[in-house]
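Q: What follows is a single structure, and I will ask about it in a moment.
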Amino acid sequence: MNPQDKLIIAGVEYGSRLLVGSGKYRDLAQTREATDAAGADIVTVAIRRVNIGQDPHAPSLLDVLPPSQYTILPNTAGCYTARDAVYTLQMARELLDGRKLVKLEVLGDDKSLYPNMPETLAAAETLVRDGFDVMVYCSDDPVQARLLEGIGCVAVMPLASLIGSGMGILNPWNLSLIIEQATVPVLVDAGVGTASDAAIAMELGCDGVLMNSAIALAQDPVRMARAMRLAVLAGRDAFLAGRMPRRFSASPSSPVAGRLQ
């Protein structure tokens, strides 16, 4: 990978295009080990579910993933209204000494965990006005992605498929439309199941991939984290290299002209 090929979000450079979650692991030690194997710089934290100082008497994620080594990205998992999402991220800003980079997600229901886009748009407007750098989980709808970028979100994060489903990228065409029009980073969020899903996302031209369940729920999370790191690197290289054109007929691998008789 070209060391100059950095992921840039809100003006900050990151060496890894793989972002990882911090939930569902066996314990905090495994969380740290898998995060290191993934090579991730950015780690998302569900403020409503993970302790980063809210409870001073319980183990804190920041004990194993210190903000001096990782960018802790608070998210609003479990929020179903714009109001709850905004309040949650304002609390996170206090816990993380004023850090502005956040991940917004406002869910529509507790079965599909599909984004509620009207509430997401409302929350994004409020957070941007309040000075946050908002990365936003959204539907794979090019129009909605364009609206979020227009509000001032620093990255759009369309789902590949339902959160935690492991179904992979179900609609590559919509992702391609979003990537084509966007001037901010586009990162696939939700639905990745294995390394090939991550590679496909990067081959399509995504700027990065965020995942949690695909690593944490694997039989060997640390090995899967390493596989995901390599898949993101390979997919990015393939995108930059430019794939050969698809043809509807065979073409010999070796040149025919000038061959020895």
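Lettering and numbering for the structure tokens are positional, with chains as A, B, ... in the shown order, residues counted from 1 in each chain, and ligands counted from 1 in the shown order.
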Can you tell me, as a ChimeraX atom specification, which residues in stretch 15-114 of chain A count as strand (DSSP E) by DSSP?

A: /A:18-21,42-46,71-75,101-104

Q: Select from stretch 183-220 of chain A everything DSSP, run on the backbone, classes as helix (DSSP H, G or I), then give the selection as a list in words.

A: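 Everything in stretch 183-220 of chain A that counts as helix (DSSP H, G or I) is Ala195, Ser196, Asp197, Ala198, Ala199, Ile200, Ala201, Met202, Glu203, Leu204, Ser213, Ala214, Ile215 and Ala216 of chain A.
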
Q: I'd like the interatomic distance between atom CA of A:Met211 and atom CA of A:Gly191, to a tenth of an Å.

A: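 Computing it gives 7.9 Å between the two atoms.
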
Q: Just the number, please: distance in Å from atom CA of A:Pro172 to atom CA of A:Asp141, one decimal.

A: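 The value is 11.5 Å.
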
Q: Do you have the atom CA of A:Val43-atom CA of A:Arg129 distance handy?

A: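 Computing it gives 24.4 Å between the two atoms.
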
Q: Please report as a Markdown table every residue of stretch 154-227 of chain A lying within 12 Å of stretch 62-81 of chain A, along with the nearest atom pair and their distance in Å (one decimal), using only C-alpha atoms.

A:
| residue | atom | partner | partner_atom | distance |
| --- | --- | --- | --- | --- |
| A:Ile163 | CA | A:Ala77 | CA | 10.6 |
| A:Ala190 | CA | A:Ala77 | CA | 12.0 |
| A:Leu210 | CA | A:Leu73 | CA | 11.4 |

Q: If you count only C-alpha atoms, which residues fall within 10 Å of A:Ala155, apart from same-chain ones fewer than 3 positions away, as a PyMOL selection string?

A: chain A and resi 8-10+103+133-137+145+148-149+152+158+182-187+207

Q: For A:Val128, please output as a PDB file with N, CA, C and O atoms, in the first residue's frame all residues within 10 Å (counting only C-alpha atoms; exclusion window: fewer than 4 positions along the same chain).

A:
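Output saved as part-v8.pdb:
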ATOM      1  N   LYS A 100     -14.607  16.113  18.673  1.00  0.00           N
ATOM      2  CA  LYS A 100     -15.742  16.468  17.813  1.00  0.00           C
ATOM      3  C   LYS A 100     -16.183  15.355  16.867  1.00  0.00           C
ATOM      4  O   LYS A 100     -17.319  15.377  16.392  1.00  0.00           O
ATOM      5  N   ALA A 123     -31.144  15.033  13.144  1.00  0.00           N
ATOM      6  CA  ALA A 123     -30.040  14.977  14.102  1.00  0.00           C
ATOM      7  C   ALA A 123     -28.756  15.518  13.486  1.00  0.00           C
ATOM      8  O   ALA A 123     -27.988  16.232  14.145  1.00  0.00           O
ATOM      9  N   ALA A 124     -28.508  15.178  12.229  1.00  0.00           N
ATOM     10  CA  ALA A 124     -27.291  15.646  11.562  1.00  0.00           C
ATOM     11  C   ALA A 124     -27.257  17.172  11.508  1.00  0.00           C
ATOM     12  O   ALA A 124     -26.214  17.797  11.757  1.00  0.00           O
ATOM     13  N   PHE A 132     -20.041  19.559  15.704  1.00  0.00           N
ATOM     14  CA  PHE A 132     -19.558  18.181  15.576  1.00  0.00           C
ATOM     15  C   PHE A 132     -19.109  17.894  14.146  1.00  0.00           C
ATOM     16  O   PHE A 132     -19.638  18.458  13.187  1.00  0.00           O
ATOM     17  N   ASP A 133     -18.145  16.987  14.022  1.00  0.00           N
ATOM     18  CA  ASP A 133     -17.779  16.396  12.734  1.00  0.00           C
ATOM     19  C   ASP A 133     -18.522  15.068  12.645  1.00  0.00           C
ATOM     20  O   ASP A 133     -18.187  14.114  13.348  1.00  0.00           O
ATOM     21  N   VAL A 134     -19.523  15.017  11.797  1.00  0.00           N
ATOM     22  CA  VAL A 134     -20.487  13.915  11.822  1.00  0.00           C
ATOM     23  C   VAL A 134     -20.240  12.919  10.696  1.00  0.00           C
ATOM     24  O   VAL A 134     -20.322  13.259   9.512  1.00  0.00           O
ATOM     25  N   ILE A 151     -25.816  18.861   4.219  1.00  0.00           N
ATOM     26  CA  ILE A 151     -25.945  19.362   5.590  1.00  0.00           C
ATOM     27  C   ILE A 151     -24.578  19.688   6.180  1.00  0.00           C
ATOM     28  O   ILE A 151     -24.448  20.602   7.002  1.00  0.00           O
ATOM     29  N   GLY A 152     -23.553  18.939   5.744  1.00  0.00           N
ATOM     30  CA  GLY A 152     -22.206  19.175   6.264  1.00  0.00           C
ATOM     31  C   GLY A 152     -21.570  17.980   6.938  1.00  0.00           C
ATOM     32  O   GLY A 152     -20.543  18.121   7.618  1.00  0.00           O
ATOM     33  N   CYS A 153     -22.152  16.788   6.768  1.00  0.00           N
ATOM     34  CA  CYS A 153     -21.535  15.583   7.328  1.00  0.00           C
ATOM     35  C   CYS A 153     -20.173  15.341   6.674  1.00  0.00           C
ATOM     36  O   CYS A 153     -20.010  15.563   5.473  1.00  0.00           O
ATOM     37  N   VAL A 154     -19.212  14.864   7.463  1.00  0.00           N
ATOM     38  CA  VAL A 154     -17.849  14.700   6.954  1.00  0.00           C
ATOM     39  C   VAL A 154     -17.627  13.334   6.306  1.00  0.00           C
ATOM     40  O   VAL A 154     -16.598  13.117   5.658  1.00  0.00           O
TER      41      VAL A 154
END

Q: Nearest to A:Pro115: which of A:Tyr87, A:Ala225, A:Val143, A:Met157 is it, counting only C-alpha atoms?

A: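 Smallest distance to A:Pro115 is found for A:Met157.
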
Q: With 12 Å as the cut-off and only C-alpha atoms counted, what is the closest atom pair between each nearby residue of stretch 150-218 of chain A and stretch 14-26 of chain A? Distances in Å to one decimal, ordered by chain and number, as JSON lines.

A:
{"residue": "A:Met157", "atom": "CA", "partner": "A:Leu19", "partner_atom": "CA", "distance": 11.5}
{"residue": "A:Gly164", "atom": "CA", "partner": "A:Lys24", "partner_atom": "CA", "distance": 10.8}
{"residue": "A:Pro185", "atom": "CA", "partner": "A:Arg17", "partner_atom": "CA", "distance": 10.6}
{"residue": "A:Val186", "atom": "CA", "partner": "A:Arg17", "partner_atom": "CA", "distance": 10.9}
{"residue": "A:Leu187", "atom": "CA", "partner": "A:Arg17", "partner_atom": "CA", "distance": 8.8}
{"residue": "A:Val188", "atom": "CA", "partner": "A:Leu19", "partner_atom": "CA", "distance": 9.9}
{"residue": "A:Asp189", "atom": "CA", "partner": "A:Leu19", "partner_atom": "CA", "distance": 9.3}
{"residue": "A:Ala190", "atom": "CA", "partner": "A:Gly21", "partner_atom": "CA", "distance": 10.7}
{"residue": "A:Val192", "atom": "CA", "partner": "A:Val20", "partner_atom": "CA", "distance": 11.5}
{"residue": "A:Ala195", "atom": "CA", "partner": "A:Leu18", "partner_atom": "CA", "distance": 11.5}
{"residue": "A:Ala198", "atom": "CA", "partner": "A:Leu18", "partner_atom": "CA", "distance": 9.0}
{"residue": "A:Ala199", "atom": "CA", "partner": "A:Leu18", "partner_atom": "CA", "distance": 10.9}
{"residue": "A:Ala201", "atom": "CA", "partner": "A:Leu18", "partner_atom": "CA", "distance": 11.3}
{"residue": "A:Met202", "atom": "CA", "partner": "A:Arg17", "partner_atom": "CA", "distance": 9.2}
{"residue": "A:Gly205", "atom": "CA", "partner": "A:Arg17", "partner_atom": "CA", "distance": 11.8}
{"residue": "A:Cys206", "atom": "CA", "partner": "A:Arg17", "partner_atom": "CA", "distance": 9.4}
{"residue": "A:Asp207", "atom": "CA", "partner": "A:Arg17", "partner_atom": "CA", "distance": 6.8}
{"residue": "A:Gly208", "atom": "CA", "partner": "A:Arg17", "partner_atom": "CA", "distance": 4.5}
{"residue": "A:Val209", "atom": "CA", "partner": "A:Leu18", "partner_atom": "CA", "distance": 5.2}
{"residue": "A:Leu210", "atom": "CA", "partner": "A:Leu19", "partner_atom": "CA", "distance": 4.5}
{"residue": "A:Met211", "atom": "CA", "partner": "A:Val20", "partner_atom": "CA", "distance": 5.1}
{"residue": "A:Asn212", "atom": "CA", "partner": "A:Gly21", "partner_atom": "CA", "distance": 4.5}
{"residue": "A:Ser213", "atom": "CA", "partner": "A:Lys24", "partner_atom": "CA", "distance": 7.1}
{"residue": "A:Ala214", "atom": "CA", "partner": "A:Val20", "partner_atom": "CA", "distance": 9.7}
{"residue": "A:Ile215", "atom": "CA", "partner": "A:Val20", "partner_atom": "CA", "distance": 8.5}
{"residue": "A:Ala216", "atom": "CA", "partner": "A:Tyr25", "partner_atom": "CA", "distance": 5.3}
{"residue": "A:Leu217", "atom": "CA", "partner": "A:Lys24", "partner_atom": "CA", "distance": 7.1}
{"residue": "A:Ala218", "atom": "CA", "partner": "A:Tyr25", "partner_atom": "CA", "distance": 9.8}
